[in-house]
$ cat data_29.pdb   # PDB, C-alpha atoms, pLDDT in the B column
ATOM      1  CA  MET A   1       9.746   4.182  -7.242  1.00 43.00           C
ATOM      2  CA  ASN A   2      10.569   6.101 -10.373  1.00 45.00           C
ATOM      3  CA  CYS A   3      14.034   7.536  -9.863  1.00 49.00           C
ATOM      4  CA  PHE A   4      16.095   8.676 -12.798  1.00 51.00           C
ATOM      5  CA  CYS A   5      19.497   9.849 -11.603  1.00 50.00           C
ATOM      6  CA  THR A   6      22.635  10.794 -13.470  1.00 56.00           C
ATOM      7  CA  GLY A   7      25.857   9.007 -12.673  1.00 57.00           C
ATOM      8  CA  GLN A   8      27.025  12.012 -10.653  1.00 64.00           C
ATOM      9  CA  GLU A   9      23.819  12.048  -8.598  1.00 63.00           C
ATOM     10  CA  VAL A  10      24.123   8.331  -7.890  1.00 58.00           C
ATOM     11  CA  ALA A  11      27.759   8.794  -6.851  1.00 61.00           C
ATOM     12  CA  LEU A  12      26.755  11.650  -4.546  1.00 64.00           C
ATOM     13  CA  LEU A  13      23.965   9.582  -2.982  1.00 60.00           C
ATOM     14  CA  ASN A  14      26.383   6.695  -2.438  1.00 58.00           C
ATOM     15  CA  LEU A  15      28.877   9.066  -0.808  1.00 58.00           C
ATOM     16  CA  ILE A  16      26.200  10.490   1.498  1.00 65.00           C
ATOM     17  CA  TRP A  17      25.035   6.995   2.380  1.00 56.00           C
ATOM     18  CA  THR A  18      28.571   5.820   3.122  1.00 59.00           C
ATOM     19  CA  LEU A  19      29.295   8.881   5.266  1.00 57.00           C
ATOM     20  CA  ASN A  20      26.053   8.365   7.151  1.00 60.00           C
ATOM     21  CA  LEU A  21      26.932   4.732   7.827  1.00 57.00           C
ATOM     22  CA  TYR A  22      30.387   5.732   8.991  1.00 56.00           C
ATOM     23  CA  LEU A  23      29.166   8.517  11.259  1.00 62.00           C
ATOM     24  CA  THR A  24      26.066   6.873  12.724  1.00 58.00           C
ATOM     25  CA  GLY A  25      26.568   3.171  12.245  1.00 54.00           C
ATOM     26  CA  THR A  26      22.996   2.897  10.997  1.00 51.00           C
ATOM     27  CA  ILE A  27      21.132   3.533   7.789  1.00 47.00           C
ATOM     28  CA  ALA A  28      17.692   4.071   9.347  1.00 46.00           C
ATOM     29  CA  GLU A  29      18.024   7.829   9.731  1.00 44.00           C
ATOM     30  CA  PHE A  30      19.396   8.191   6.222  1.00 43.00           C
ATOM     31  CA  TRP A  31      16.650   6.285   4.473  1.00 44.00           C
ATOM     32  CA  ILE A  32      13.800   8.186   6.058  1.00 44.00           C
ATOM     33  CA  ASN A  33      15.025  11.193   4.133  1.00 42.00           C
ATOM     34  CA  MET A  34      14.572   9.174   0.977  1.00 66.00           C
ATOM     35  CA  TYR A  35      10.804   8.846   1.429  1.00 72.00           C
ATOM     36  CA  ASP A  36       8.880  10.772  -1.165  1.00 82.00           C
ATOM     37  CA  ILE A  37       6.707  12.453   1.463  1.00 85.00           C
ATOM     38  CA  GLU A  38       4.636  14.292  -1.141  1.00 88.00           C
ATOM     39  CA  ARG A  39       3.798  11.071  -3.000  1.00 92.00           C
ATOM     40  CA  ILE A  40       3.109   9.129   0.195  1.00 93.00           C
ATOM     41  CA  THR A  41       0.853  11.919   1.467  1.00 93.00           C
ATOM     42  CA  LYS A  42      -1.083  11.912  -1.823  1.00 96.00           C
ATOM     43  CA  ILE A  43      -1.525   8.137  -1.665  1.00 97.00           C
ATOM     44  CA  ILE A  44      -2.761   8.304   1.937  1.00 97.00           C
ATOM     45  CA  GLU A  45      -5.172  11.130   1.053  1.00 97.00           C
ATOM     46  CA  ASP A  46      -6.515   9.096  -1.876  1.00 98.00           C
ATOM     47  CA  ILE A  47      -7.073   6.034   0.301  1.00 98.00           C
ATOM     48  CA  GLU A  48      -8.808   8.085   2.987  1.00 98.00           C
ATOM     49  CA  ARG A  49     -11.033   9.719   0.351  1.00 98.00           C
ATOM     50  CA  TYR A  50     -11.959   6.291  -1.024  1.00 98.00           C
ATOM     51  CA  PHE A  51     -12.902   5.149   2.480  1.00 98.00           C
ATOM     52  CA  LYS A  52     -15.207   8.174   2.778  1.00 98.00           C
ATOM     53  CA  ASP A  53     -16.751   7.192  -0.558  1.00 98.00           C
ATOM     54  CA  LEU A  54     -17.161   3.685   0.823  1.00 97.00           C
ATOM     55  CA  ASP A  55     -19.002   5.047   3.865  1.00 97.00           C
ATOM     56  CA  TYR A  56     -21.210   7.127   1.578  1.00 97.00           C
ATOM     57  CA  LEU A  57     -22.392   3.974  -0.214  1.00 97.00           C
ATOM     58  CA  ASN A  58     -23.719   2.720   3.131  1.00 97.00           C
ATOM     59  CA  ILE A  59     -23.413  -0.961   2.222  1.00 97.00           C
ATOM     60  CA  LYS A  60     -24.671  -3.150   5.076  1.00 97.00           C
ATOM     61  CA  SER A  61     -25.105  -6.589   3.525  1.00 96.00           C
ATOM     62  CA  LYS A  62     -24.466  -8.486   0.341  1.00 95.00           C
ATOM     63  CA  GLU A  63     -28.150  -7.979  -0.513  1.00 97.00           C
ATOM     64  CA  ASP A  64     -27.325  -4.282  -0.996  1.00 98.00           C
ATOM     65  CA  LEU A  65     -25.168  -5.393  -3.909  1.00 97.00           C
ATOM     66  CA  LYS A  66     -28.117  -6.715  -5.877  1.00 96.00           C
ATOM     67  CA  ASP A  67     -28.498  -3.092  -6.922  1.00 96.00           C
ATOM     68  CA  ARG A  68     -26.018  -2.980  -9.810  1.00 95.00           C
ATOM     69  CA  LYS A  69     -25.065   0.631  -9.047  1.00 96.00           C
ATOM     70  CA  ASN A  70     -23.960  -0.427  -5.581  1.00 97.00           C
ATOM     71  CA  PHE A  71     -22.222  -3.519  -6.941  1.00 96.00           C
ATOM     72  CA  TYR A  72     -20.174  -1.642  -9.529  1.00 94.00           C
ATOM     73  CA  SER A  73     -19.518   1.363  -7.303  1.00 96.00           C
ATOM     74  CA  LEU A  74     -18.297  -0.787  -4.450  1.00 97.00           C
ATOM     75  CA  SER A  75     -16.176  -2.906  -6.791  1.00 96.00           C
ATOM     76  CA  MET A  76     -14.446   0.165  -8.197  1.00 96.00           C
ATOM     77  CA  ILE A  77     -13.810   1.730  -4.788  1.00 97.00           C
ATOM     78  CA  LEU A  78     -12.363  -1.525  -3.429  1.00 97.00           C
ATOM     79  CA  PHE A  79     -10.177  -1.857  -6.517  1.00 96.00           C
ATOM     80  CA  SER A  80      -8.955   1.736  -6.085  1.00 97.00           C
ATOM     81  CA  ILE A  81      -8.208   1.333  -2.374  1.00 98.00           C
ATOM     82  CA  THR A  82      -6.260  -1.839  -3.035  1.00 98.00           C
ATOM     83  CA  ASN A  83      -4.276  -0.299  -5.896  1.00 97.00           C
ATOM     84  CA  ARG A  84      -3.278   2.710  -3.799  1.00 98.00           C
ATOM     85  CA  THR A  85      -2.370   0.396  -0.905  1.00 98.00           C
ATOM     86  CA  ILE A  86      -0.043  -1.461  -3.255  1.00 98.00           C
ATOM     87  CA  ASP A  87       1.437   1.891  -4.323  1.00 97.00           C
ATOM     88  CA  LEU A  88       1.958   2.862  -0.684  1.00 98.00           C
ATOM     89  CA  GLY A  89       3.627  -0.431   0.160  1.00 98.00           C
ATOM     90  CA  ASP A  90       5.855  -0.118  -2.891  1.00 96.00           C
ATOM     91  CA  GLU A  91       6.953   3.366  -1.778  1.00 95.00           C
ATOM     92  CA  ILE A  92       7.962   2.038   1.636  1.00 95.00           C
ATOM     93  CA  VAL A  93       9.778  -0.959   0.138  1.00 94.00           C
ATOM     94  CA  SER A  94      11.648   1.225  -2.359  1.00 92.00           C
ATOM     95  CA  ALA A  95      12.596   3.965   0.085  1.00 89.00           C
ATOM     96  CA  ASN A  96      13.967   1.450   2.566  1.00 89.00           C
ATOM     97  CA  LYS A  97      15.702  -0.665  -0.078  1.00 90.00           C
ATOM     98  CA  LEU A  98      13.961  -3.792   1.191  1.00 92.00           C
ATOM     99  CA  GLY A  99      14.287  -5.697  -2.050  1.00 92.00           C
ATOM    100  CA  MET A 100      12.794  -5.894  -5.498  1.00 93.00           C
ATOM    101  CA  PRO A 101       9.229  -7.242  -5.425  1.00 94.00           C
ATOM    102  CA  SER A 102       8.288  -9.279  -8.482  1.00 94.00           C
ATOM    103  CA  THR A 103       4.582  -9.388  -7.627  1.00 95.00           C
ATOM    104  CA  TYR A 104       2.183  -7.196  -5.702  1.00 95.00           C
ATOM    105  CA  LYS A 105       2.072  -9.792  -2.932  1.00 97.00           C
ATOM    106  CA  ASP A 106       5.868  -9.621  -2.696  1.00 96.00           C
ATOM    107  CA  ILE A 107       5.558  -5.999  -1.563  1.00 97.00           C
ATOM    108  CA  PHE A 108       3.779  -7.112   1.590  1.00 98.00           C
ATOM    109  CA  ARG A 109       6.078 -10.121   2.071  1.00 97.00           C
ATOM    110  CA  LEU A 110       9.068  -7.764   2.056  1.00 97.00           C
ATOM    111  CA  LEU A 111       7.384  -5.416   4.524  1.00 97.00           C
ATOM    112  CA  CYS A 112       6.697  -8.370   6.822  1.00 97.00           C
ATOM    113  CA  ARG A 113      10.166  -9.863   6.442  1.00 96.00           C
ATOM    114  CA  ASN A 114      11.600  -6.493   7.480  1.00 95.00           C
ATOM    115  CA  ASN A 115       9.285  -6.196  10.505  1.00 95.00           C
ATOM    116  CA  ILE A 116       7.299  -3.247   9.196  1.00 95.00           C
ATOM    117  CA  ILE A 117       4.023  -5.186   9.221  1.00 97.00           C
ATOM    118  CA  SER A 118       2.959  -8.329  11.072  1.00 98.00           C
ATOM    119  CA  ARG A 119       2.547 -11.734   9.439  1.00 98.00           C
ATOM    120  CA  ASP A 120      -1.205 -11.443  10.048  1.00 98.00           C
ATOM    121  CA  LEU A 121      -1.412  -8.096   8.253  1.00 98.00           C
ATOM    122  CA  GLU A 122       0.733  -9.449   5.425  1.00 98.00           C
ATOM    123  CA  ARG A 123      -1.785 -12.269   4.921  1.00 98.00           C
ATOM    124  CA  LYS A 124      -4.722  -9.862   4.980  1.00 98.00           C
ATOM    125  CA  LEU A 125      -3.138  -7.485   2.471  1.00 98.00           C
ATOM    126  CA  SER A 126      -2.037 -10.368   0.240  1.00 97.00           C
ATOM    127  CA  THR A 127      -5.614 -11.633   0.223  1.00 96.00           C
ATOM    128  CA  LEU A 128      -6.731  -8.183  -0.906  1.00 97.00           C
ATOM    129  CA  VAL A 129      -4.183  -8.393  -3.741  1.00 96.00           C
ATOM    130  CA  PHE A 130      -5.751 -11.703  -4.774  1.00 93.00           C
ATOM    131  CA  TYR A 131      -9.185 -10.068  -4.866  1.00 92.00           C
ATOM    132  CA  ARG A 132      -7.777  -7.014  -6.630  1.00 93.00           C
ATOM    133  CA  ASN A 133      -6.574  -9.309  -9.397  1.00 90.00           C
ATOM    134  CA  LEU A 134     -10.036 -10.847  -9.623  1.00 87.00           C
ATOM    135  CA  LEU A 135     -11.601  -7.384  -9.787  1.00 86.00           C
ATOM    136  CA  SER A 136      -9.291  -6.358 -12.595  1.00 87.00           C
ATOM    137  CA  HIS A 137      -8.935  -9.546 -14.635  1.00 83.00           C
ATOM    138  CA  GLU A 138     -11.992 -11.692 -13.954  1.00 75.00           C
ATOM    139  CA  TYR A 139     -14.593  -9.068 -13.276  1.00 70.00           C
ATOM    140  CA  TYR A 140     -17.264 -10.955 -15.217  1.00 71.00           C
ATOM    141  CA  ASP A 141     -17.111 -13.881 -12.746  1.00 81.00           C
ATOM    142  CA  LEU A 142     -17.499 -11.895  -9.530  1.00 87.00           C
ATOM    143  CA  SER A 143     -20.592 -12.390  -7.443  1.00 91.00           C
ATOM    144  CA  GLU A 144     -22.157 -10.172  -4.804  1.00 94.00           C
ATOM    145  CA  LYS A 145     -20.680 -12.552  -2.229  1.00 94.00           C
ATOM    146  CA  ASP A 146     -17.145 -12.071  -3.627  1.00 93.00           C
ATOM    147  CA  VAL A 147     -17.386  -8.286  -3.617  1.00 95.00           C
ATOM    148  CA  PHE A 148     -18.924  -8.240  -0.148  1.00 97.00           C
ATOM    149  CA  ASP A 149     -16.096 -10.476   1.102  1.00 96.00           C
ATOM    150  CA  VAL A 150     -13.549  -7.918  -0.130  1.00 96.00           C
ATOM    151  CA  PHE A 151     -15.611  -5.174   1.508  1.00 97.00           C
ATOM    152  CA  ILE A 152     -15.396  -7.006   4.850  1.00 97.00           C
ATOM    153  CA  ARG A 153     -11.623  -7.460   4.500  1.00 97.00           C
ATOM    154  CA  ILE A 154     -10.737  -3.933   3.342  1.00 97.00           C
ATOM    155  CA  SER A 155     -10.367  -2.672   6.928  1.00 97.00           C
ATOM    156  CA  ALA A 156      -6.867  -4.209   6.923  1.00 98.00           C
ATOM    157  CA  VAL A 157      -5.835  -1.224   4.822  1.00 98.00           C
ATOM    158  CA  LYS A 158      -6.687   1.129   7.692  1.00 98.00           C
ATOM    159  CA  GLU A 159      -4.329  -0.832   9.924  1.00 98.00           C
ATOM    160  CA  PHE A 160      -1.595  -0.512   7.298  1.00 98.00           C
ATOM    161  CA  LEU A 161      -2.218   3.240   6.994  1.00 98.00           C
ATOM    162  CA  GLU A 162      -1.712   3.678  10.731  1.00 97.00           C
ATOM    163  CA  ILE A 163       1.561   1.751  10.592  1.00 96.00           C
ATOM    164  CA  VAL A 164       2.839   3.932   7.745  1.00 96.00           C
ATOM    165  CA  LYS A 165       1.771   7.135   9.508  1.00 94.00           C
ATOM    166  CA  THR A 166       3.537   5.994  12.687  1.00 93.00           C
ATOM    167  CA  LEU A 167       6.646   5.099  10.692  1.00 88.00           C
ATOM    168  CA  LEU A 168       6.711   8.552   9.125  1.00 87.00           C
ATOM    169  CA  ARG A 169       6.161  10.316  12.465  1.00 86.00           C
ATOM    170  CA  LYS A 170       8.943   8.324  14.147  1.00 82.00           C
ATOM    171  CA  ASN A 171      11.411   9.152  11.432  1.00 74.00           C
ATOM    172  CA  LYS A 172      10.851  12.873  10.992  1.00 67.00           C
TER     173      LYS A 172
END

$ encode --input "data_29.pdb" --output "structure tokens"
Amino acid sequence: MNCFCTGQEVALLNLIWTLNLYLTGTIAEFWINMYDIERITKIIEDIERYFKDLDYLNIKSKEDLKDRKNFYSLSMILFSITNRTIDLGDEIVSANKLGMPSTYKDIFRLLCRNNIISRDLERKLSTLVFYRNLLSHEYYDLSEKDVFDVFIRISAVKEFLEIVKTLLRKNK
């Protein structure tokens, strides 16, 4: 989360936080107000648009990826979905002050450790991070099988989206 605050703003936020703790005994209601709803909404819209693009490609098997247009299109869409999923997870981690992730996988570990996502979903999303790194750094070594494997696994993002949407609805 990019937050540049003056000393006075930080002091005011700390005062509000302290008062909230004193009055309610909980920080949950306070932190929901710290979500950047506009940014989160944009990220969710991007991910949903990428899933529509994915449907448009109409990939059914890894043989469909022998067509290089399909291969590169699918690779880019999967990369984009995964990047925006990382952004979304980072927003939730930052807004809830869950810790400071040092890697992309740490984002999902923190969400799991704080009972926002299940251990199973953490593993699925962490696997997508692994593939995202392959897509971005070792693109030349990827096969149709690798890209199709990511394609099969990308549905975990939809599960994460539903969790985030539920979290936002609960805390309005």

$ resolve_selection --input "data_29.pdb" --expression "the PyMOL selection byres ((chain A and resi 152-165) around 10)" --output "PyMOL selection string"
chain A and resi 40-41+43-44+47-48+51+61+78+81-82+84-86+88-89+92+116-118+120-125+127-128+147-151+166-170

$ atom_distance --input "data_29.pdb" --atom1 "CA of Arg49 (chain A)" --atom2 "CA of Asn114 (chain A)"
28.7 Å

$ residues_around --input "data_29.pdb" --residues "region 142-145 of chain A" --least-positions-apart "2" --cutoff "9 Å" --atoms "all atoms listed in the file" --output "PDB file with C-alpha atoms, keeping the file's coordinate frame"
ATOM      1  CA  LYS A  62     -24.466  -8.486   0.341  1.00 95.00           C
ATOM      2  CA  GLU A  63     -28.150  -7.979  -0.513  1.00 97.00           C
ATOM      3  CA  ASP A  64     -27.325  -4.282  -0.996  1.00 98.00           C
ATOM      4  CA  LEU A  65     -25.168  -5.393  -3.909  1.00 97.00           C
ATOM      5  CA  LYS A  66     -28.117  -6.715  -5.877  1.00 96.00           C
ATOM      6  CA  PHE A  71     -22.222  -3.519  -6.941  1.00 96.00           C
ATOM      7  CA  LEU A 134     -10.036 -10.847  -9.623  1.00 87.00           C
ATOM      8  CA  LEU A 135     -11.601  -7.384  -9.787  1.00 86.00           C
ATOM      9  CA  GLU A 138     -11.992 -11.692 -13.954  1.00 75.00           C
ATOM     10  CA  TYR A 139     -14.593  -9.068 -13.276  1.00 70.00           C
ATOM     11  CA  TYR A 140     -17.264 -10.955 -15.217  1.00 71.00           C
ATOM     12  CA  VAL A 147     -17.386  -8.286  -3.617  1.00 95.00           C
ATOM     13  CA  PHE A 148     -18.924  -8.240  -0.148  1.00 97.00           C
ATOM     14  CA  ASP A 149     -16.096 -10.476   1.102  1.00 96.00           C
ATOM     15  CA  VAL A 150     -13.549  -7.918  -0.130  1.00 96.00           C
TER      16      VAL A 150
END

$ residues_around --input "data_29.pdb" --residues "region 99-107 of chain A" --least-positions-apart "4" --cutoff "7 Å" --atoms "only C-alpha atoms" --output "JSON, numbers by chain"
{"A": [86, 89, 90, 93, 111, 126, 129]}

$ atom_distance --input "data_29.pdb" --atom1 "CA of Lys52 (chain A)" --atom2 "CA of Phe108 (chain A)"
24.4 Å

$ residues_around --input "data_29.pdb" --residues "Glu91 (chain A)" --least-positions-apart "6" --cutoff "9 Å" --atoms "all atoms listed in the file" --output "ChimeraX atom specification"
/A:1,35-36,39-40

$ atom_distance --input "data_29.pdb" --atom1 "CA of Asn70 (chain A)" --atom2 "CA of Asp87 (chain A)"
25.5 Å
